[in-house]
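Q: Structure file run_37.txt (compact mmCIF, C-alpha atoms) right here:
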```txt
# COMPACT_ATOMS: atom_id res chain seq x y z
CA MET A 1 -97.18 -69.08 35.80
CA LYS A 2 -98.13 -65.43 36.21
CA LYS A 3 -101.03 -64.38 38.39
CA GLY A 4 -104.24 -63.21 36.78
CA TRP A 5 -105.63 -59.75 37.38
CA ASP A 6 -108.02 -60.98 40.12
CA GLU A 7 -105.31 -62.78 42.08
CA PHE A 8 -103.12 -59.71 42.19
CA GLU A 9 -102.77 -58.60 45.80
CA ILE A 10 -103.57 -54.97 46.64
CA GLY A 11 -100.56 -52.77 47.19
CA ALA A 12 -98.21 -55.31 45.66
CA MET A 13 -94.91 -54.38 44.15
CA LEU A 14 -93.63 -55.38 40.75
CA ARG A 15 -89.90 -55.89 40.99
CA THR A 16 -88.01 -54.89 37.89
CA PHE A 17 -84.94 -56.96 38.69
CA ASP A 18 -84.18 -60.40 40.04
CA GLY A 19 -81.96 -59.76 43.02
CA SER A 20 -80.46 -56.41 43.83
CA ILE A 21 -78.59 -54.02 41.61
CA ASP A 22 -76.53 -51.46 43.46
CA ASN A 23 -75.92 -48.97 40.68
CA ILE A 24 -78.54 -49.06 37.93
CA ALA A 25 -77.36 -45.88 36.25
CA GLY A 26 -73.90 -47.41 35.86
CA THR A 27 -75.06 -50.80 34.55
CA SER A 28 -75.89 -51.10 30.88
CA GLN A 29 -79.05 -52.92 29.87
CA ASP A 30 -77.11 -56.00 28.71
CA ASP A 31 -75.75 -56.56 32.21
CA ARG A 32 -78.96 -56.17 34.17
CA SER A 33 -80.91 -59.20 35.37
CA TYR A 34 -84.45 -58.17 34.50
CA SER A 35 -87.28 -60.03 36.18
CA GLU A 36 -90.26 -61.27 34.21
CA ASN A 37 -92.13 -58.15 35.37
CA SER A 38 -89.95 -55.74 33.46
CA SER A 39 -91.39 -54.70 30.13
CA TYR A 40 -87.85 -55.15 28.81
CA THR A 41 -88.70 -58.85 28.67
CA ALA A 42 -91.86 -58.16 26.64
CA SER A 43 -92.10 -57.42 22.96
CA VAL A 44 -94.13 -55.01 20.85
CA ALA A 45 -92.60 -56.17 17.58
CA ASP A 46 -96.06 -57.16 16.30
CA TRP A 47 -97.12 -53.48 16.30
CA ARG A 48 -94.84 -52.72 13.38
CA LEU A 49 -95.97 -52.27 9.80
CA ILE A 50 -92.71 -50.71 8.71
CA LYS A 51 -89.29 -51.25 10.22
CA PRO A 52 -86.05 -49.29 10.21
CA ILE A 53 -83.06 -50.86 8.50
CA PHE A 54 -79.65 -49.67 9.63
CA ASN A 55 -76.83 -49.26 7.13
CA LYS A 56 -73.60 -48.97 9.11
CA ASP A 57 -71.60 -47.64 6.13
CA TYR A 58 -73.20 -44.20 6.20
CA CYS A 59 -73.63 -43.77 9.96
CA ILE A 60 -71.67 -40.90 11.54
CA ASP A 61 -72.65 -41.81 15.15
CA CYS A 62 -74.34 -38.48 15.74
CA GLN A 63 -76.78 -40.25 18.14
CA PHE A 64 -79.82 -38.23 17.03
CA CYS A 65 -81.68 -41.52 16.64
CA TRP A 66 -80.68 -42.58 20.14
CA ILE A 67 -81.92 -39.44 21.87
CA TYR A 68 -85.15 -39.16 19.87
CA CYS A 69 -86.16 -42.85 19.95
CA PRO A 70 -89.30 -43.06 22.11
CA ASP A 71 -88.92 -46.77 22.68
CA VAL A 72 -85.31 -47.11 23.81
CA SER A 73 -84.71 -49.22 20.71
CA ILE A 74 -81.51 -47.68 19.39
CA ILE A 75 -78.61 -49.56 20.92
CA SER A 76 -75.64 -47.28 21.51
CA ARG A 77 -72.55 -48.50 23.30
CA ASP A 78 -69.30 -46.58 23.77
CA LYS A 79 -70.58 -43.62 21.72
CA LYS A 80 -71.26 -45.89 18.72
CA MET A 81 -74.63 -46.76 17.28
CA ILE A 82 -74.53 -50.53 16.98
CA GLY A 83 -78.01 -51.59 16.06
CA ILE A 84 -81.75 -51.62 16.62
CA ASP A 85 -83.62 -53.48 19.32
CA MET A 86 -86.30 -55.11 17.17
CA ASP A 87 -88.27 -56.45 20.17
CA HIS A 88 -89.11 -52.93 21.35
CA CYS A 89 -89.22 -50.94 18.11
CA LYS A 90 -92.79 -49.90 17.19
CA GLY A 91 -91.85 -48.64 13.74
CA CYS A 92 -92.75 -44.98 14.26
CA GLY A 93 -90.04 -43.79 11.88
CA ILE A 94 -88.66 -40.92 13.98
CA CYS A 95 -85.11 -42.33 13.76
CA ALA A 96 -85.16 -42.35 9.96
CA GLU A 97 -86.66 -38.85 9.95
CA VAL A 98 -83.97 -37.30 12.18
CA CYS A 99 -81.06 -39.15 10.53
CA PRO A 100 -78.90 -36.35 9.05
CA THR A 101 -76.65 -38.28 6.65
CA ASN A 102 -76.98 -38.32 2.87
CA PRO A 103 -78.06 -40.94 1.94
CA LYS A 104 -79.74 -41.74 5.26
CA SER A 105 -78.22 -44.58 7.29
CA LEU A 106 -81.66 -45.44 8.69
CA ILE A 107 -84.54 -45.94 6.27
CA MET A 108 -87.99 -47.37 6.89
CA PHE A 109 -88.97 -50.44 4.86
CA PRO A 110 -92.02 -52.72 4.96
CA GLU A 111 -91.81 -55.20 7.82
CA GLN A 112 -91.32 -58.19 5.54
CA SER A 113 -88.23 -56.74 3.79
CA GLU A 114 -84.93 -58.59 4.01
CA ASP A 115 -82.18 -56.53 5.65
CA GLU A 116 -79.32 -57.81 3.44
CA ALA A 117 -81.23 -57.27 0.19
CA GLU A 118 -82.22 -53.70 1.12
CA ILE A 119 -78.70 -52.78 2.24
CA ALA A 120 -77.31 -54.15 -1.04
CA SER A 121 -79.68 -51.92 -3.01
CA TRP A 122 -79.38 -48.86 -0.70
CA PRO A 123 -80.37 -45.53 -2.32
CA ALA A 124 -77.50 -43.44 -3.67
CA LYS A 125 -76.56 -39.98 -2.44
CA ASP A 126 -79.19 -37.37 -3.21
CA GLU A 127 -77.31 -34.58 -5.03
CA GLU A 128 -80.12 -32.06 -4.70
CA LYS A 129 -79.85 -31.77 -0.94
CA MET B 1 -74.70 -33.74 47.19
CA SER B 2 -73.58 -36.19 44.58
CA GLU B 3 -71.64 -35.01 41.59
CA MET B 4 -73.45 -33.69 38.56
CA LYS B 5 -73.37 -35.93 35.53
CA LYS B 6 -71.21 -34.41 32.79
CA ILE B 7 -72.99 -34.17 29.46
CA LYS B 8 -71.05 -32.11 26.96
CA ASN B 9 -72.42 -33.51 23.74
CA LEU B 10 -74.82 -36.07 22.41
CA LYS B 11 -72.15 -38.76 22.04
CA GLU B 12 -71.29 -38.45 25.69
CA PHE B 13 -74.97 -38.42 26.59
CA SER B 14 -75.54 -41.64 24.62
CA THR B 15 -73.38 -43.62 27.05
CA SER B 16 -76.18 -43.24 29.62
CA ALA B 17 -77.80 -46.46 30.77
CA ASP B 18 -81.53 -45.96 30.30
CA ARG B 19 -83.78 -46.45 33.28
CA PHE B 20 -86.94 -46.40 31.21
CA GLU B 21 -87.74 -49.51 29.19
CA GLY B 22 -89.26 -50.19 25.82
CA ALA B 23 -92.34 -52.34 25.20
CA ASN B 24 -94.40 -49.79 27.10
CA LEU B 25 -97.76 -49.26 25.40
CA LEU B 26 -97.39 -45.60 24.42
CA CYS B 27 -98.34 -44.88 20.81
CA PRO B 28 -95.58 -45.19 18.22
CA GLY B 29 -93.98 -41.76 17.95
CA CYS B 30 -95.15 -40.53 21.37
CA ALA B 31 -93.06 -37.67 22.74
CA HIS B 32 -93.78 -38.59 26.37
CA SER B 33 -91.12 -41.26 26.51
CA ILE B 34 -88.59 -39.04 24.74
CA ILE B 35 -89.07 -36.43 27.47
CA VAL B 36 -88.97 -39.02 30.25
CA ARG B 37 -85.73 -40.48 28.89
CA GLU B 38 -84.12 -37.07 28.65
CA VAL B 39 -85.10 -36.31 32.25
CA LEU B 40 -83.96 -39.64 33.70
CA ASN B 41 -80.72 -39.75 31.74
CA ALA B 42 -79.76 -36.28 32.95
CA THR B 43 -78.69 -37.72 36.29
CA ASN B 44 -76.88 -40.77 37.66
CA ASP B 45 -78.46 -40.42 41.08
CA ASP B 46 -81.10 -42.71 42.52
CA LEU B 47 -84.61 -41.72 41.65
CA VAL B 48 -87.96 -41.75 43.38
CA LEU B 49 -90.67 -41.30 40.76
CA ALA B 50 -94.41 -41.05 40.50
CA ALA B 51 -96.76 -40.49 37.61
CA SER B 52 -100.28 -39.13 37.71
CA THR B 53 -102.95 -41.01 35.83
CA GLY B 54 -102.60 -40.29 32.16
CA CYS B 55 -101.00 -41.82 29.11
CA LEU B 56 -97.61 -42.15 30.75
CA GLU B 57 -98.92 -43.95 33.80
CA VAL B 58 -101.30 -46.40 32.20
CA CYS B 59 -98.95 -47.27 29.36
CA THR B 60 -95.89 -47.95 31.48
CA SER B 61 -97.54 -50.08 34.12
CA VAL B 62 -99.81 -52.53 32.34
CA TYR B 63 -100.02 -55.56 34.60
CA PRO B 64 -97.84 -57.64 34.90
CA TYR B 65 -95.20 -55.33 33.46
CA THR B 66 -93.46 -52.20 34.59
CA SER B 67 -91.30 -50.06 32.32
CA TRP B 68 -89.45 -48.31 35.13
CA ASP B 69 -86.04 -49.30 36.48
CA ALA B 70 -86.36 -46.99 39.48
CA SER B 71 -88.69 -46.71 42.47
CA TRP B 72 -91.96 -45.68 40.93
CA ILE B 73 -95.32 -45.12 42.59
CA HIS B 74 -98.61 -45.74 40.84
CA ILE B 75 -100.97 -43.08 42.12
CA GLY B 76 -104.23 -41.25 41.40
CA PHE B 77 -105.05 -38.59 38.84
CA GLU B 78 -104.37 -35.60 41.06
CA ASN B 79 -101.67 -36.53 43.48
CA SER B 80 -98.38 -37.60 41.94
CA SER B 81 -97.02 -34.32 43.29
CA THR B 82 -98.14 -35.00 46.85
CA ALA B 83 -97.04 -38.66 46.72
CA VAL B 84 -93.53 -37.57 45.84
CA ALA B 85 -93.65 -34.72 48.35
CA GLY B 86 -94.65 -37.28 51.00
CA ALA B 87 -91.80 -39.58 50.04
CA GLU B 88 -89.42 -36.63 50.23
CA SER B 89 -90.68 -35.65 53.69
CA MET B 90 -90.33 -39.22 54.92
CA TYR B 91 -86.83 -39.42 53.53
CA ASN B 92 -85.87 -36.25 55.37
CA ALA B 93 -87.44 -37.49 58.60
CA LEU B 94 -85.59 -40.81 58.45
CA LYS B 95 -82.38 -39.00 57.62
CA THR B 96 -82.74 -36.73 60.64
CA LYS B 97 -83.40 -39.75 62.85
CA GLY B 98 -80.38 -41.52 61.39
CA ARG B 99 -82.40 -44.50 60.25
CA LEU B 100 -81.35 -44.55 56.59
CA LYS B 101 -79.26 -47.57 55.60
CA GLN B 102 -77.30 -45.62 52.98
CA PRO B 103 -77.50 -41.96 53.99
CA GLU B 104 -74.82 -40.94 51.50
CA ARG B 105 -77.08 -41.72 48.55
CA ASN B 106 -79.19 -38.69 47.78
CA PRO B 107 -82.14 -39.71 45.68
CA LYS B 108 -83.88 -37.22 43.41
CA PHE B 109 -87.64 -36.90 43.66
CA VAL B 110 -89.52 -36.46 40.42
CA ALA B 111 -93.26 -36.45 39.68
CA PHE B 112 -94.68 -36.66 36.18
CA GLY B 113 -98.12 -35.56 35.12
CA GLY B 114 -99.97 -34.85 31.93
CA ASP B 115 -101.53 -31.47 31.30
CA GLY B 116 -104.94 -32.75 32.42
CA SER B 117 -103.65 -33.85 35.79
CA SER B 118 -101.49 -30.75 36.20
CA TYR B 119 -103.45 -27.85 34.72
CA ASP B 120 -106.85 -29.07 35.91
CA ILE B 121 -107.22 -31.98 38.29
CA GLY B 122 -104.02 -31.86 40.33
CA PHE B 123 -103.70 -28.09 40.29
CA GLN B 124 -104.39 -27.56 43.97
CA TRP B 125 -102.04 -30.37 45.02
CA ILE B 126 -99.17 -29.08 42.89
CA SER B 127 -99.75 -25.59 44.18
CA GLY B 128 -99.47 -26.96 47.72
CA CYS B 129 -96.21 -28.76 46.96
CA MET B 130 -94.73 -25.65 45.37
CA GLU B 131 -95.87 -23.47 48.26
CA ARG B 132 -94.35 -25.85 50.86
CA ASN B 133 -91.22 -25.88 48.70
CA HIS B 134 -90.49 -29.60 48.86
CA ASP B 135 -87.17 -30.63 47.36
CA MET B 136 -88.74 -32.20 44.29
CA MET B 137 -89.27 -31.71 40.58
CA TYR B 138 -92.64 -31.72 38.87
CA VAL B 139 -92.61 -32.37 35.14
CA VAL B 140 -95.68 -31.66 33.02
CA LEU B 141 -95.93 -33.59 29.77
CA ASP B 142 -98.02 -30.98 28.04
CA ASN B 143 -99.86 -32.42 25.04
CA GLU B 144 -102.69 -29.91 25.38
CA VAL B 145 -105.49 -32.49 25.61
CA TYR B 146 -106.74 -35.44 27.70
CA ALA B 147 -105.20 -37.89 25.28
CA ASN B 148 -105.59 -41.00 27.41
CA THR B 149 -109.37 -40.82 27.64
CA GLY B 150 -109.99 -39.92 24.02
CA GLY B 151 -109.11 -36.29 23.44
CA GLN B 152 -111.27 -34.14 25.73
CA ARG B 153 -110.24 -30.51 26.09
CA SER B 154 -108.18 -29.48 29.10
CA SER B 155 -107.36 -25.97 30.26
CA SER B 156 -104.13 -26.34 28.32
CA THR B 157 -105.95 -26.82 24.99
CA PRO B 158 -105.24 -23.77 22.83
CA ILE B 159 -107.92 -21.70 21.13
CA GLY B 160 -109.24 -23.07 17.83
CA SER B 161 -108.21 -26.64 18.52
CA SER B 162 -110.81 -29.31 17.84
CA ALA B 163 -111.18 -31.67 20.81
CA THR B 164 -113.92 -34.25 21.41
CA THR B 165 -115.67 -32.02 23.97
CA SER B 166 -115.09 -28.87 21.93
CA PRO B 167 -115.48 -30.15 18.37
CA ALA B 168 -115.15 -27.92 15.35
CA GLY B 169 -118.09 -27.87 12.95
CA LYS B 170 -120.60 -25.63 11.24
CA ILE B 171 -121.18 -23.27 14.15
CA SER B 172 -118.03 -23.65 16.20
CA TYR B 173 -114.32 -23.35 15.54
CA GLY B 174 -113.53 -25.71 18.45
CA GLU B 175 -111.94 -24.68 21.72
CA LYS B 176 -113.02 -21.16 22.66
CA THR B 177 -110.60 -20.26 25.44
CA ASN B 178 -106.92 -19.52 25.59
CA LYS B 179 -104.31 -21.77 27.12
CA LYS B 180 -103.63 -21.25 30.78
CA ASP B 181 -100.21 -19.82 31.65
CA MET B 182 -99.30 -22.60 34.08
CA LEU B 183 -95.62 -21.72 34.26
CA GLY B 184 -96.47 -18.15 35.19
CA ILE B 185 -98.80 -19.34 37.95
CA MET B 186 -96.21 -21.73 39.35
CA ALA B 187 -93.46 -19.11 39.17
CA ALA B 188 -95.77 -16.83 41.15
CA HIS B 189 -95.30 -19.25 44.08
CA ASN B 190 -91.74 -17.87 44.09
CA ILE B 191 -90.30 -21.35 43.69
CA PRO B 192 -86.54 -21.57 43.15
CA TYR B 193 -86.79 -22.75 39.56
CA ALA B 194 -89.41 -23.02 36.84
CA ALA B 195 -88.72 -23.68 33.17
CA GLN B 196 -90.33 -24.52 29.88
CA VAL B 197 -88.60 -27.21 27.82
CA ALA B 198 -89.05 -29.10 24.54
CA PRO B 199 -87.74 -32.58 23.67
CA ASN B 200 -86.21 -31.46 20.35
CA LYS B 201 -83.90 -29.02 22.17
CA TRP B 202 -82.30 -31.80 24.19
CA LYS B 203 -79.28 -29.79 25.29
CA ASP B 204 -81.36 -26.94 26.60
CA MET B 205 -83.61 -29.47 28.29
CA VAL B 206 -80.83 -31.45 29.96
CA LYS B 207 -79.24 -28.22 31.16
CA LYS B 208 -82.49 -27.11 32.75
CA ILE B 209 -83.19 -30.51 34.27
CA GLN B 210 -79.71 -30.64 35.78
CA LYS B 211 -80.16 -27.12 37.09
CA GLY B 212 -83.43 -28.30 38.60
CA PHE B 213 -81.79 -31.31 40.23
CA ALA B 214 -79.05 -29.10 41.65
CA THR B 215 -81.63 -26.69 43.06
CA GLU B 216 -82.78 -27.24 46.58
CA GLY B 217 -86.52 -26.77 46.71
CA ALA B 218 -89.44 -27.16 44.39
CA VAL B 219 -88.85 -27.17 40.65
CA PHE B 220 -91.55 -26.94 38.02
CA ILE B 221 -90.90 -28.02 34.43
CA ASN B 222 -93.37 -27.68 31.58
CA ALA B 223 -92.47 -29.83 28.56
CA VAL B 224 -94.26 -29.68 25.22
CA SER B 225 -95.19 -33.18 24.08
CA PRO B 226 -96.55 -33.41 20.53
CA CYS B 227 -99.30 -36.04 20.52
CA THR B 228 -99.50 -37.98 17.29
CA THR B 229 -103.00 -39.30 18.06
CA GLU B 230 -104.76 -36.12 19.18
CA TRP B 231 -102.82 -33.48 17.28
CA LYS B 232 -103.36 -35.74 14.28
CA PHE B 233 -100.05 -36.00 12.48
CA ASP B 234 -97.90 -38.83 11.21
CA PRO B 235 -95.89 -40.60 13.99
CA LYS B 236 -92.61 -39.96 12.21
CA ASP B 237 -93.16 -36.17 12.40
CA THR B 238 -93.06 -35.87 16.20
CA MET B 239 -89.72 -34.07 16.24
CA HIS B 240 -90.75 -31.92 13.30
CA LEU B 241 -93.81 -30.78 15.25
CA ALA B 242 -91.69 -30.10 18.32
CA ASP B 243 -89.36 -28.04 16.10
CA LEU B 244 -92.32 -26.10 14.71
CA SER B 245 -93.72 -25.39 18.16
CA THR B 246 -90.45 -23.94 19.45
CA ASP B 247 -89.43 -22.15 16.24
CA SER B 248 -92.84 -20.55 15.70
CA LEU B 249 -92.66 -19.32 19.33
CA VAL B 250 -96.01 -20.90 20.11
CA PHE B 251 -94.01 -22.66 22.79
CA PRO B 252 -91.09 -20.38 23.73
CA LEU B 253 -88.32 -21.81 25.89
CA TYR B 254 -87.44 -19.84 29.01
CA GLU B 255 -86.72 -20.19 32.69
CA ILE B 256 -87.79 -18.26 35.75
CA ILE B 257 -85.43 -18.36 38.72
CA GLY B 258 -86.82 -17.55 42.14
CA GLY B 259 -90.03 -16.29 40.60
CA LYS B 260 -88.25 -13.15 39.37
CA GLU B 261 -85.13 -13.62 37.25
CA PHE B 262 -86.31 -14.30 33.74
CA ASN B 263 -84.15 -15.82 30.98
CA ILE B 264 -85.11 -16.73 27.44
CA THR B 265 -82.95 -19.76 26.66
CA TYR B 266 -83.73 -20.29 23.00
CA ARG B 267 -84.13 -17.72 20.26
CA PRO B 268 -84.92 -19.31 16.89
CA LYS B 269 -82.71 -18.07 14.03
CA ASN B 270 -85.60 -18.26 11.59
CA ILE B 271 -88.97 -17.67 13.17
CA VAL B 272 -91.54 -19.90 11.50
CA PRO B 273 -95.02 -18.42 10.85
CA VAL B 274 -97.64 -19.83 13.23
CA GLU B 275 -99.66 -20.82 10.16
CA GLU B 276 -97.06 -23.50 9.40
CA TYR B 277 -97.38 -24.91 12.91
CA LEU B 278 -101.17 -24.98 12.64
CA ALA B 279 -101.15 -26.47 9.14
CA ALA B 280 -99.06 -29.44 10.26
CA GLN B 281 -101.79 -30.67 12.60
CA GLY B 282 -105.18 -32.21 11.89
CA ARG B 283 -106.74 -30.64 14.98
CA PHE B 284 -106.44 -27.18 13.37
CA LYS B 285 -107.41 -28.11 9.83
CA HIS B 286 -110.81 -26.35 10.00
CA LEU B 287 -109.02 -23.03 10.65
CA PHE B 288 -108.01 -23.01 7.00
CA LYS B 289 -111.62 -22.70 5.84
CA ASP B 290 -112.49 -19.19 4.69
CA GLU B 291 -114.85 -18.40 7.57
CA TYR B 292 -112.25 -19.24 10.25
CA LYS B 293 -109.16 -17.79 8.59
CA TYR B 294 -109.28 -14.71 10.82
CA LEU B 295 -108.33 -16.98 13.72
CA ILE B 296 -104.94 -17.73 12.17
CA LYS B 297 -104.24 -14.01 12.06
CA GLU B 298 -105.30 -13.73 15.70
CA TRP B 299 -103.03 -16.64 16.58
CA GLN B 300 -100.05 -14.92 14.99
CA GLU B 301 -100.82 -11.63 16.74
CA ARG B 302 -101.16 -13.37 20.09
CA VAL B 303 -97.89 -15.25 19.69
CA ASP B 304 -96.07 -12.09 18.59
CA ALA B 305 -97.48 -10.13 21.52
CA ASN B 306 -96.45 -12.86 23.94
CA TRP B 307 -92.92 -13.00 22.51
CA ALA B 308 -92.62 -9.22 22.80
CA TYR B 309 -93.82 -9.45 26.40
CA LEU B 310 -91.29 -12.18 27.23
CA GLN B 311 -88.45 -10.19 25.72
CA ARG B 312 -89.45 -7.04 27.59
CA ARG B 313 -89.67 -9.04 30.77
CA GLU B 314 -86.21 -10.47 30.27
CA GLU B 315 -84.82 -6.99 29.64
CA ALA B 316 -86.50 -5.55 32.70
CA LYS B 317 -85.36 -8.53 34.84
CA VAL B 318 -88.68 -8.77 36.67
```
Would you give me this structure, written as structure tokens?
A:
Amino acid sequence: MKKGWDEFEIGAMLRTFDGSIDNIAGTSQDDRSYSENSSYTASVADWRLIKPIFNKDYCIDCQFCWIYCPDVSIISRDKKMIGIDMDHCKGCGICAEVCPTNPKSLIMFPEQSEDEAEIASWPAKDEEK
Amino acid sequence: MSEMKKIKNLKEFSTSADRFEGANLLCPGCAHSIIVREVLNATNDDLVLAASTGCLEVCTSVYPYTSWDASWIHIGFENSSTAVAGAESMYNALKTKGRLKQPERNPKFVAFGGDGSSYDIGFQWISGCMERNHDMMYVVLDNEVYANTGGQRSSSTPIGSSATTSPAGKISYGEKTNKKDMLGIMAAHNIPYAAQVAPNKWKDMVKKIQKGFATEGAVFINAVSPCTTEWKFDPKDTMHLADLSTDSLVFPLYEIIGGKEFNITYRPKNIVPVEEYLAAQGRFKHLFKDEYKYLIKEWQERVDANWAYLQRREEAKV
């Protein structure tokens, strides 16, 4: 059970990790043991009205979405874009906006859309661009 | 000195393990976290961080959560700079006394502040840190308004912008004064390194941040941070707005080394008219009424004059 705001001792520390991590910059997020105080364990998925859907077939791994994602929600491992962290994505749409491929490999859809159905009916290449 | 992280291209950069976490409460499309990620990912060293009160602080430390995977101090509106300077002094003292458990690890000291806490409230404190030349970096997330408290004008708010304490209406065109040249003031402290950066030019930014980390002494960084809530644009257009601000030269990218050596680091191939930059934001929409149109012309003239000045300064190397 977490403490309420009035039981929170003055000058207390929130520890991000359970136990010690010697080299955070060299440990990927999957391998870290986050404590319950890290916002990594929280979710803002209920903020979203629209969500990005990722179509791997058109992705060129340029990583524009990774660098410009404000919410650390683009998962890139070994220089490859492998997916979207749907717990932390707020649905701002920057990733779809900066995606340079034609057709885009990231497109925003309403939150209730089904990934498989949208990928099956993905827009074709836009010849005008 | 630990080795500099090698970042040749974006693919290589993307192997960085983020030390800033999602599920913070910043608005969708906020540029603050993009800037913070670019700064933190520029190094593999340990970090000692602080943030002044402002959007970044309150949104990344909502009890019982923290979004930081590094030592981070929650501090008042004015003194993130002095908190980090104090930590740096203590670190040096303990190092001299030989009381550090791992003396070979050289942490980097970074303070973040919004434009309200840097241009106005924490001005004196930052000036002190720069003058004492602590080995630290101060990063301003410049969104040109007090966004956290509801959009009051700060001394960074540019002329003609409508803020809640300088609203545009029948008799006023909004903010009446020009933006303060904070970088110029800080460079006048003759600090080793001062630079202006933008999140859309990530390579330029990472280069400057790494240069700052490699510099011994105080470093001042001013980063433009388009604010979707107060600049009034669609969250998905954050990078577009950052592009407009750098390409229209409203926010030119340059660095000042040692208070003297002046380098422009980004020259847009196609300079965008300032009108386009203004038109993209709701806070300037009243400028497009007939009675205020002269202000757009003034804006353009001011930006052109400033760009000419910067170029002359670079040429003259003063």
Q: What is the CA of Tyr193 (chain B) to CA of Ile257 (chain B) distance in Å?
A: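 Between CA of Tyr193 (chain B) and CA of Ile257 (chain B) the gap works out to 4.7 Å.
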Q: Counting only C-alpha atoms, what is within 10 Å of Trp68 (chain B), bar same-chain residues fewer than 6 positions away, as a PDB file with C-alpha atoms, in the frame of the given file?
A:
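Written out: around_28.pdb:
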```pdb
ATOM      1  CA  LEU A  14     -93.630 -55.380  40.750  1.00  0.00           C
ATOM      2  CA  ARG A  15     -89.900 -55.890  40.990  1.00  0.00           C
ATOM      3  CA  THR A  16     -88.010 -54.890  37.890  1.00  0.00           C
ATOM      4  CA  SER A  38     -89.950 -55.740  33.460  1.00  0.00           C
ATOM      5  CA  SER A  39     -91.390 -54.700  30.130  1.00  0.00           C
ATOM      6  CA  TYR A  40     -87.850 -55.150  28.810  1.00  0.00           C
TER       7      TYR A  40
ATOM      8  CA  ASP B  18     -81.530 -45.960  30.300  1.00  0.00           C
ATOM      9  CA  ARG B  19     -83.780 -46.450  33.280  1.00  0.00           C
ATOM     10  CA  PHE B  20     -86.940 -46.400  31.210  1.00  0.00           C
ATOM     11  CA  GLU B  21     -87.740 -49.510  29.190  1.00  0.00           C
ATOM     12  CA  GLY B  22     -89.260 -50.190  25.820  1.00  0.00           C
ATOM     13  CA  ASN B  24     -94.400 -49.790  27.100  1.00  0.00           C
ATOM     14  CA  LEU B  49     -90.670 -41.300  40.760  1.00  0.00           C
ATOM     15  CA  THR B  60     -95.890 -47.950  31.480  1.00  0.00           C
ATOM     16  CA  SER B  61     -97.540 -50.080  34.120  1.00  0.00           C
TER      17      SER B  61
END
```
Q: Asn178 (chain B): which residues within 9 Å, counting only C-alpha atoms, same-chain residues fewer than 4 positions away excluded, as a PyMOL selection string?
A: chain B and resi 155-160
Q: Provide the CA of Asp115 (chain A) to CA of Asn55 (chain A) distance in Å, to one decimal place.
A: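 Between these atoms lies a distance of 9.1 Å.
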Q: For each of B:Asn190, B:Thr66, B:Phe213, B:Gln152, take the minimum atom-to-atom distance to Met136 (chain B), counting all atoms listed in the file, then give the residue where this is smallest.
A: B:Phe213
Q: Could you check the closest approach to chain B for each of A:Ala45, A:Ile107, A:Ile84, A:Cys59 and tell me which residue wins, using only C-alpha atoms?
A: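 Between A:Ala45, A:Ile107, A:Ile84, A:Cys59, the residue approaching chain B most closely is A:Ala45.
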